[in-house]
Amino acid sequence: MEPKHLVVVGNGMAGMACVDAILKRKPNFKITVLSEEPYYNYNRIFLSAVLSGEKSVEEIYINTKEWYDRHHITLCQGVRAIDADPKKKFVYTEDGISFPYDLLLLATGSTPFIPPIEGVNKKGVFTFRNMKDTEEIMKQCETAKEAVVIGGGLLGLEAARGILNRGVKVTVVHLMERLMDVQLDEIGGQFLKREIEKLGITVLLSKSTTKFFGHDRVESVMFKDGQVVPADMVVMACGIRPNIELAKKAGLEVNRGIVVNDFLETSDPSIFAVGECVEHAGKVYGLVAPLYDQGKVLAATITGDKGPTYQGSVLATKLKVMGIELFSAGDFKAAEPDKEVISYQDHGFGIYKKLVVHRESVVGAILIGDTSDANRFLELIRKKERVTENRQQLLFQKPPAVAGSPTDVMSRPDSDTICGCIGVSKGQILSAIREQSCKTLSQVKTCTKASSGCGTCAGLVQEILMGVLGSEFQEEKKEVLCGCVPFPKEQLRTMIKTQNLKSVQDVLDIYGNAIGCSLCKPALSFIVDEVHCGDHKEDRSARFINDRVHANIQRDGTFSVVPRMRGGVTSAAELRKIADVAEKYNVPMVKVTGSQRLDLLGVKKEDLPKIWAELGMTSGFAYAKAVRMVKSCVGTDFCRYGTQNSIETGIKLETLLEGLYTPAKVKMGVVGCPRNCAEATVKDIGLVGMEGGWQVVIGGAAGKKVRAADILVTVKTTEEALEAALLFFQYYRENGEYIERTYDFVERLGLEKIRRETVLASEETKQGLLERLRKAKTKAVNPWAAESGQPVHPMQFKDLVLPREKEALIEGAR
Amino acid sequence: MEQVKVSKWYLVASQDTIPVKEGRRVYYGGHEIALFNLGGEYRALDGRCPHKGGPLGDGIVAGKAVFCPLHNWKISMENGCALSGGEGRVKVYPVKVMENKVYVAFEEGRFHEGDCQS
């Protein structure tokens with residue numbers, strides 16, 4: 001049989017959700033989609049997240065080219081359908097192209113309503129409806145200083161927040177006496193206004209805009225009361241109107257929207273409509289959830305399974321504005337006398353909760369400031385459950401995560417809706433987990449689209465994942481080492497320990513792709529070394545060149561040599577040796593570093609061992625993820641302000657830790673008084689001397705990031721200070737992720753946890769840390785001394801320089 | 001590697017000169033190449049990264065690719081194309097191993113022809 005040709009006008013969320021539902025029924029259809037916008041199907045709800053910078057444009061696509069191709073859907077982009085002939089069954093486009101159809105689906109959506117304000121066509125006045133609008137607004141934000149958003153509804157507020165995020169001052173102007181008047185009662189409006197103002201947005205209520213001033217481009221906005229507000233950009237968010245022009249021209253029955261019956265049929269039996277453009281039982285919906293409800297009914301109707309009916313949707317709104325939580329659903333007004341209100345207000349915390357009860361069921365809700373119960377209330381409203389018995393606990397039922405409790409999602413029936421936007425039931429999520437082996441939130445999202453709408457149900461989806469998979473449940477794999485070894489870093493450490501894997505290649509062979517890369521090979525080198533306290537099998541090919549030749553590679557392929565000068569202290573003899581070496585090997589530059597060291601720059605690889613031998617100094621490890629240095633000030637030895645012996649302590653600390661490898665480089669500083677001359681408070685570990693004691697500080701940085709160190713502990717004696725530093729040092733070695741500096745480490749774990757597990761830990765725990773540190777330290781070597789006389793390989797420091805041509809050449813026709 | 005008719009092979013090293021899964025810089029006349037020991041099999045590329053001239057011979061070897069030690073571009077030893085980091089390519093030189101000796105044809109270095117992406 002010839003496939004029926006289904007033409008869809010509109011490539012938005014409603015149209016494509018409906019097509020998705022149709023495809024699931026595997027009909028014999030040939031589908032053509034006419035899209036006015038030159039984009040693939042994207043999630044319009046998230047345009048405000050794009051504007052605010054929370055999401056990228058790429059992140060909001062729902063269906064990509066691959067989806068259209070896979071389903072053999074012909075997508076005509078940039079095509080505007082303007083008319084249809086139901087008798088001949090043709091759709092006509094603006095460009096004069098006609099498309100024959102057997103079935104026509106109108107998903108024309110809506111357009112922004114633009115009130116007839118004088119000057120509304122000036123440059124700098126935008127609507128906020130589609131991708132193009134969003135891009136234009138973002139561009140304008142680059143230069144604009146003051147923006148006015150006309151309309152204090154959902155969209156207007158989201159736009160205002162987005163613009164504010166881009167550094168533009170924003171005023172929201174609303175015609176009505178309260179913000180979001182369609183979704184909030186009077187009290188709710190007051191709460192919301194305060195929250196919006198707290199963000200730094202100016203709110204003007206009961207203001208009717210009459211004129212936009214400016215020559216070519218908008219410069220200011222005037223209201224009916226004569227007030228004028230400067231604005232170099234204006235966003236109109238005054239509501240939307242269903243797009244019914246095409247339906248009207250085609251002679252279909254229209255009112256405010258395209259009129260449809262419970263089967264989503266229009267007045268013509270071959271034409272259907274879905275989404276914001278339809279009017280059902282006198283109602284037009286401008287939110288996302290109804291689209292999906294309608295789409296499913298329509299999919300049945302259009303594929304010949306006419307039966308399911310659409311009975312209207314419970315309206316629920318969630319404001320997606322960073323820093324504000326707001327939820328509103330159903331009949332929240334309680335205008336009629338037989339409706340009862342249960343409410344709670346906390347002006348200090350900005351929390352407002354209101355439930356409307358009618359005949360023993362919840363029919364509406366408003367939540368501001370705390371929307372954690374939004375799903376619970378929405379479910380109550382949808383199911384019209386009797387609530388009389390537990391009415392007193394309705395507002396403040398802390399959802400206990402106890403299995404079997406009524407709020408435990410696992411004890412809910414499979415038919416319960418989890419994702420209200422897309423309309424995904426618990427059963428569908430369960431089957432995605434069980435049959436399609438989804439293990440993470442994003443996998444469930446891909447399989448079922450659950451939580452790809454407003455995203456509120458992500459927590460519930462995770463709970464279901466955990467409930468079904470238990471320990472097999474996987475958090476999002478953000479922390480995996482890399483694609484070669486796709487395991488979270490922490491898990492890798494455990495695996496290496498329990499499996500007793502001693503070499504990088506073993507780990508790659510067993511848990512990875514056997515090949516590795518420049519990220520995981522050095523990382524695994526560190527982990528096997530650290531886990532086995534140096535008793536690992538060294539694989540030099542997995543090390544970065546710096547670690548193979550114990551020098552820092554420079555941009556021209558030469559190396560730098562930084563000898564260790566503990567505490568930043570040197571001597572005449574050392575300086576003489578450095579000077580001699582620099583001359584003898586024509587070292588192009590000798591530089592004093594920021595770490596109180598001397599750096600010989602521009603050294604040839606082959607000269608490295610000779611220079612080390614002649615210097616007779618220890619490696620400064622300036623090339624490695626290791627203990628770099630301890631800087632010190634002159635302290636009590638010389639300084640008239642000194643309160644502690646910082647030089648001696650600095651040298652001691654450096655001697656105790658030198659030669660040890662760490663997740664990322666470790667820089668330290670010891671200062672004799674809080675004047676902090678050696679900048680100990682911006683070091684990974686710092687000792688700050690003061691009258692009668694030391695502060696031990698951790699997690700400081702003055703590099704790519706500048707962060708003042710946190711105080712780990714304050715102690716009386718130098719011995720205690722050194723011990724605290726050592727405890728933290730070893731704790732970081734054991735728990736830090738590869739290339740995670742202490743400043744990220746401290747923030748990831750939290751200072752309290754670190755204190756609890758180091759300086760405040762039991763004596764046994766402390767001794768364990770110190771013992772493992774001692775063990776690693778006994779294995780630490782000065783590679784310069786060890787390898788200058790006896791390289792680990794004859795070619796360690798050598799390149800191949802071939803003699804002259806005649807000697808090298810052999811005739812090779814063989 | 002496609003067969004190239006090579007007239008001159010140059011003896012570069014004996015087979016155990018370079019440690020397995022490592023590379024070395026090789027200088028000969030005006031040439032600078034990077035030679036890699038993949039364990040029995042050798043590969044040779046131009047010595048300098050197409051990005052900023054980093055010495056590829058010092059890079060970390062991963063399978064049949066090397067990561068430049070300066071800015072981590074990944075260069076294929078199969079065709080000399082940059083696989084990550086940016087766009088660019090280096091010459092690949094014919095190498096053969098005979099009687100435990102490694103030979104390189106310095107004059108026969110070739111850029112990959114055609115699209116690097118494919």
# chains A, B, ... in the order shown; residues from 1 in each chain; ligands from 1

call {"tool": "interface_residues", "arguments": {"of": "chain B", "to": "chain A", "cutoff": "6 Å", "atoms": "only C-alpha atoms", "output": "ChimeraX atom specification"}}
result
/B:8-11,21-22,24-28,55,58,60,62-63

call {"tool": "select_by_dssp", "arguments": {"residues": "stretch 33-277 of chain A", "states": "strand (DSSP E or B)", "output": "ChimeraX atom specification"}}
result
/A:33-35,42,61,74-77,81-85,90-93,98-100,103-106,110-112,118,123,125-127,146-150,169-173,202-204,209-213,217,220-223,228-230,233-236,240-242,254,258-260,265,271-273

call {"tool": "write_last_selection", "arguments": {"atoms": "C-alpha atoms", "output": "mmCIF file, in the first residue's frame"}}
result
data_model
loop_
_atom_site.group_PDB
_atom_site.id
_atom_site.type_symbol
_atom_site.label_atom_id
_atom_site.label_comp_id
_atom_site.auth_asym_id
_atom_site.auth_seq_id
_atom_site.Cartn_x
_atom_site.Cartn_y
_atom_site.Cartn_z
ATOM 1 C CA VAL A 33 8.019 18.760 8.143
ATOM 2 C CA LEU A 34 7.830 22.396 7.149
ATOM 3 C CA SER A 35 9.924 24.484 9.490
ATOM 4 C CA TYR A 42 15.053 22.499 20.043
ATOM 5 C CA TYR A 61 18.531 20.549 20.754
ATOM 6 C CA THR A 74 11.923 15.248 5.033
ATOM 7 C CA LEU A 75 12.686 18.461 6.858
ATOM 8 C CA CYS A 76 12.222 21.660 4.868
ATOM 9 C CA GLN A 77 13.920 24.430 6.825
ATOM 10 C CA ALA A 81 3.459 27.647 5.137
ATOM 11 C CA ILE A 82 0.730 30.238 4.667
ATOM 12 C CA ASP A 83 -2.333 28.515 3.257
ATOM 13 C CA ALA A 84 -3.971 25.158 2.661
ATOM 14 C CA ASP A 85 -6.719 23.820 0.461
ATOM 15 C CA PHE A 90 -2.459 20.974 -0.668
ATOM 16 C CA VAL A 91 -0.387 23.184 1.632
ATOM 17 C CA TYR A 92 1.103 26.328 0.138
ATOM 18 C CA THR A 93 4.223 28.139 1.200
ATOM 19 C CA SER A 98 2.682 23.498 -2.874
ATOM 20 C CA PHE A 99 2.884 20.278 -0.910
ATOM 21 C CA PRO A 100 0.207 17.615 -1.452
ATOM 22 C CA LEU A 103 -2.960 14.097 6.451
ATOM 23 C CA LEU A 104 -2.092 17.564 7.648
ATOM 24 C CA LEU A 105 -0.878 18.322 11.133
ATOM 25 C CA LEU A 106 -0.843 21.935 12.231
ATOM 26 C CA SER A 110 2.199 30.934 18.703
ATOM 27 C CA THR A 111 3.790 34.311 18.152
ATOM 28 C CA PRO A 112 4.619 36.994 20.667
ATOM 29 C CA GLU A 118 4.409 53.997 19.568
ATOM 30 C CA LYS A 123 16.066 49.105 16.701
ATOM 31 C CA VAL A 125 13.299 46.403 20.678
ATOM 32 C CA PHE A 126 13.170 42.616 20.726
ATOM 33 C CA THR A 127 10.725 39.825 21.270
ATOM 34 C CA GLU A 146 20.129 49.469 30.634
ATOM 35 C CA ALA A 147 17.372 47.137 29.562
ATOM 36 C CA VAL A 148 13.623 47.320 30.053
ATOM 37 C CA VAL A 149 11.586 44.135 29.901
ATOM 38 C CA ILE A 150 7.926 44.796 29.178
ATOM 39 C CA LYS A 169 20.923 46.650 34.365
ATOM 40 C CA VAL A 170 17.307 45.520 34.083
ATOM 41 C CA THR A 171 13.885 47.008 34.846
ATOM 42 C CA VAL A 172 10.803 44.823 34.557
ATOM 43 C CA VAL A 173 7.606 46.678 33.726
ATOM 44 C CA THR A 202 13.935 46.927 39.364
ATOM 45 C CA VAL A 203 10.214 46.099 39.268
ATOM 46 C CA LEU A 204 7.559 48.588 38.154
ATOM 47 C CA THR A 209 3.872 51.553 28.332
ATOM 48 C CA THR A 210 2.935 54.212 25.830
ATOM 49 C CA LYS A 211 5.983 55.177 23.865
ATOM 50 C CA PHE A 212 9.543 54.258 22.933
ATOM 51 C CA PHE A 213 11.789 57.264 22.389
ATOM 52 C CA ARG A 217 17.298 53.053 18.006
ATOM 53 C CA SER A 220 14.039 55.409 26.592
ATOM 54 C CA VAL A 221 10.586 54.162 27.485
ATOM 55 C CA MET A 222 7.618 56.303 28.549
ATOM 56 C CA PHE A 223 4.636 55.159 30.599
ATOM 57 C CA VAL A 228 10.386 57.963 31.511
ATOM 58 C CA VAL A 229 13.007 55.259 32.002
ATOM 59 C CA PRO A 230 16.244 55.181 29.965
ATOM 60 C CA MET A 233 17.343 47.726 24.785
ATOM 61 C CA VAL A 234 13.761 46.589 25.291
ATOM 62 C CA VAL A 235 12.425 43.059 25.396
ATOM 63 C CA MET A 236 8.714 42.600 24.791
ATOM 64 C CA ILE A 240 1.669 35.000 23.122
ATOM 65 C CA ARG A 241 -1.071 34.543 20.560
ATOM 66 C CA PRO A 242 -1.814 31.249 18.811
ATOM 67 C CA VAL A 254 -11.005 28.970 14.661
ATOM 68 C CA ILE A 258 -7.608 26.390 16.081
ATOM 69 C CA VAL A 259 -10.654 24.606 17.453
ATOM 70 C CA VAL A 260 -10.151 20.873 18.064
ATOM 71 C CA GLU A 265 -9.295 16.777 15.062
ATOM 72 C CA ILE A 271 -6.465 18.097 9.333
ATOM 73 C CA PHE A 272 -5.269 17.902 12.935
ATOM 74 C CA ALA A 273 -3.702 20.374 15.275
#

call {"tool": "closest_residue", "arguments": {"among": "B:Cys116, B:His31, B:Gly23, B:Pro94", "to": "B:Leu56", "atoms": "only C-alpha atoms"}}
result
B:Gly23

call {"tool": "residues_around", "arguments": {"residues": "B:Gln15", "least_positions_apart": "5", "cutoff": "10 Å", "atoms": "only C-alpha atoms", "output": "count of residues only"}}
result
13

call {"tool": "residues_around", "arguments": {"residues": "B:Val66", "least_positions_apart": "5", "cutoff": "7 Å", "atoms": "only C-alpha atoms", "output": "list of chain:residue names"}}
result
B:Gly59, B:Ile60, B:Val61, B:Lys74, B:Ile75, B:Ser76

call {"tool": "write_last_selection", "arguments": {"atoms": "N, CA and C atoms", "output": "short mmCIF file (atom, residue, chain, number, x, y, z; two decimals), in the first residue's frame"}}
result
data_model
loop_
_atom_site.label_atom_id
_atom_site.label_comp_id
_atom_site.auth_asym_id
_atom_site.auth_seq_id
_atom_site.Cartn_x
_atom_site.Cartn_y
_atom_site.Cartn_z
N GLY B 59 57.83 12.93 22.77
CA GLY B 59 56.43 12.82 23.19
C GLY B 59 56.09 11.47 23.80
N ILE B 60 54.90 11.41 24.38
CA ILE B 60 54.40 10.15 24.93
C ILE B 60 53.76 9.36 23.79
N VAL B 61 54.18 8.10 23.66
CA VAL B 61 53.67 7.23 22.61
C VAL B 61 52.41 6.54 23.12
N LYS B 74 48.07 15.51 19.17
CA LYS B 74 48.24 14.07 18.96
C LYS B 74 48.48 13.85 17.47
N ILE B 75 49.61 13.26 17.15
CA ILE B 75 49.98 13.07 15.76
C ILE B 75 50.01 11.57 15.43
N SER B 76 49.33 11.24 14.35
CA SER B 76 49.27 9.84 13.94
C SER B 76 50.61 9.41 13.33
#

call {"tool": "atom_distance", "arguments": {"atom1": "atom CA of A:Pro486", "atom2": "atom CA of A:Glu530"}}
result
20.2 Å

call {"tool": "select_by_dssp", "arguments": {"residues": "stretch 512-571 of chain A", "states": "alpha helix (DSSP H)", "output": "list of chain:residue names"}}
result
A:Cys520, A:Lys521, A:Pro522, A:Ala523, A:Leu524, A:Ser525, A:Phe526, A:Ile527, A:Val528, A:Asp529, A:Glu530, A:Val531, A:Ile545, A:Asn546, A:Asp547, A:Arg548, A:Val549

call {"tool": "residues_around", "arguments": {"residues": "A:Asn130", "least_positions_apart": "3", "cutoff": "8 Å", "atoms": "only C-alpha atoms", "output": "list in words"}}
result
Arg44, Leu47, Asp133 and Thr134 of chain A

call {"tool": "atom_distance", "arguments": {"atom1": "atom CA of A:Leu712", "atom2": "atom CA of A:Ala678"}}
result
18.6 Å

call {"tool": "atom_distance", "arguments": {"atom1": "atom CA of A:Ser632", "atom2": "atom CA of A:Ser595"}}
result
9.5 Å

call {"tool": "residues_around", "arguments": {"residues": "A:His71", "least_positions_apart": "3", "cutoff": "10 Å", "atoms": "only C-alpha atoms", "output": "PyMOL selection string"}}
result
chain A and resi 20+23+30-31+66-68+74

call {"tool": "write_last_selection", "arguments": {"atoms": "N, CA and C atoms", "output": "PDB file, in the first residue's frame"}}
result
ATOM      1  N   ASP A  20       7.075  12.158  17.223  1.00  0.00           N
ATOM      2  CA  ASP A  20       7.742  11.114  17.982  1.00  0.00           C
ATOM      3  C   ASP A  20       6.727  10.064  18.444  1.00  0.00           C
ATOM      4  N   LEU A  23       5.558   8.070  15.452  1.00  0.00           N
ATOM      5  CA  LEU A  23       6.558   7.099  14.978  1.00  0.00           C
ATOM      6  C   LEU A  23       6.556   5.837  15.841  1.00  0.00           C
ATOM      7  N   LYS A  30       4.671   8.683   5.112  1.00  0.00           N
ATOM      8  CA  LYS A  30       5.814   9.430   4.622  1.00  0.00           C
ATOM      9  C   LYS A  30       5.648  10.807   5.252  1.00  0.00           C
ATOM     10  N   ILE A  31       6.680  11.268   5.980  1.00  0.00           N
ATOM     11  CA  ILE A  31       6.486  12.499   6.756  1.00  0.00           C
ATOM     12  C   ILE A  31       7.323  13.649   6.205  1.00  0.00           C
ATOM     13  N   GLU A  66      20.410  13.610  12.736  1.00  0.00           N
ATOM     14  CA  GLU A  66      20.440  12.150  12.755  1.00  0.00           C
ATOM     15  C   GLU A  66      19.035  11.577  12.966  1.00  0.00           C
ATOM     16  N   TRP A  67      18.264  12.222  13.834  1.00  0.00           N
ATOM     17  CA  TRP A  67      16.908  11.760  14.143  1.00  0.00           C
ATOM     18  C   TRP A  67      16.006  11.862  12.914  1.00  0.00           C
ATOM     19  N   TYR A  68      16.079  12.996  12.240  1.00  0.00           N
ATOM     20  CA  TYR A  68      15.249  13.170  11.038  1.00  0.00           C
ATOM     21  C   TYR A  68      15.641  12.139   9.980  1.00  0.00           C
ATOM     22  N   THR A  74      11.413  14.171   5.872  1.00  0.00           N
ATOM     23  CA  THR A  74      11.923  15.248   5.033  1.00  0.00           C
ATOM     24  C   THR A  74      11.709  16.555   5.794  1.00  0.00           C
TER      25      THR A  74
END

call {"tool": "decode", "arguments": {"residues": "stretch 517-531 of chain A", "atoms": "N, CA and C atoms", "output": "PDB file, in the first residue's frame"}}
result
ATOM      1  N   CYS A 517      46.818   7.319  26.753  1.00  0.00           N
ATOM      2  CA  CYS A 517      47.089   8.597  26.107  1.00  0.00           C
ATOM      3  C   CYS A 517      47.988   9.421  27.030  1.00  0.00           C
ATOM      4  N   SER A 518      48.250  10.658  26.604  1.00  0.00           N
ATOM      5  CA  SER A 518      49.184  11.479  27.358  1.00  0.00           C
ATOM      6  C   SER A 518      48.587  11.968  28.674  1.00  0.00           C
ATOM      7  N   LEU A 519      47.268  11.763  28.852  1.00  0.00           N
ATOM      8  CA  LEU A 519      46.668  12.142  30.125  1.00  0.00           C
ATOM      9  C   LEU A 519      46.707  10.971  31.104  1.00  0.00           C
ATOM     10  N   CYS A 520      46.209   9.817  30.650  1.00  0.00           N
ATOM     11  CA  CYS A 520      46.062   8.723  31.604  1.00  0.00           C
ATOM     12  C   CYS A 520      47.391   8.024  31.903  1.00  0.00           C
ATOM     13  N   LYS A 521      48.326   8.043  30.967  1.00  0.00           N
ATOM     14  CA  LYS A 521      49.567   7.330  31.243  1.00  0.00           C
ATOM     15  C   LYS A 521      50.346   7.959  32.405  1.00  0.00           C
ATOM     16  N   PRO A 522      50.577   9.273  32.380  1.00  0.00           N
ATOM     17  CA  PRO A 522      51.230   9.866  33.557  1.00  0.00           C
ATOM     18  C   PRO A 522      50.371   9.750  34.821  1.00  0.00           C
ATOM     19  N   ALA A 523      49.040   9.868  34.653  1.00  0.00           N
ATOM     20  CA  ALA A 523      48.161   9.785  35.824  1.00  0.00           C
ATOM     21  C   ALA A 523      48.272   8.414  36.461  1.00  0.00           C
ATOM     22  N   LEU A 524      48.215   7.367  35.630  1.00  0.00           N
ATOM     23  CA  LEU A 524      48.314   6.014  36.167  1.00  0.00           C
ATOM     24  C   LEU A 524      49.703   5.769  36.758  1.00  0.00           C
ATOM     25  N   SER A 525      50.721   6.374  36.137  1.00  0.00           N
ATOM     26  CA  SER A 525      52.070   6.241  36.690  1.00  0.00           C
ATOM     27  C   SER A 525      52.098   6.734  38.126  1.00  0.00           C
ATOM     28  N   PHE A 526      51.457   7.890  38.341  1.00  0.00           N
ATOM     29  CA  PHE A 526      51.420   8.439  39.700  1.00  0.00           C
ATOM     30  C   PHE A 526      50.638   7.512  40.617  1.00  0.00           C
ATOM     31  N   ILE A 527      49.480   7.043  40.145  1.00  0.00           N
ATOM     32  CA  ILE A 527      48.620   6.253  41.035  1.00  0.00           C
ATOM     33  C   ILE A 527      49.285   4.933  41.425  1.00  0.00           C
ATOM     34  N   VAL A 528      49.858   4.218  40.467  1.00  0.00           N
ATOM     35  CA  VAL A 528      50.485   2.940  40.850  1.00  0.00           C
ATOM     36  C   VAL A 528      51.659   3.183  41.802  1.00  0.00           C
ATOM     37  N   ASP A 529      52.364   4.265  41.566  1.00  0.00           N
ATOM     38  CA  ASP A 529      53.485   4.615  42.436  1.00  0.00           C
ATOM     39  C   ASP A 529      52.980   4.914  43.849  1.00  0.00           C
ATOM     40  N   GLU A 530      51.956   5.772  43.923  1.00  0.00           N
ATOM     41  CA  GLU A 530      51.465   6.205  45.231  1.00  0.00           C
ATOM     42  C   GLU A 530      50.813   5.045  45.983  1.00  0.00           C
ATOM     43  N   VAL A 531      49.984   4.262  45.273  1.00  0.00           N
ATOM     44  CA  VAL A 531      49.266   3.158  45.929  1.00  0.00           C
ATOM     45  C   VAL A 531      50.256   2.151  46.513  1.00  0.00           C
TER      46      VAL A 531
END
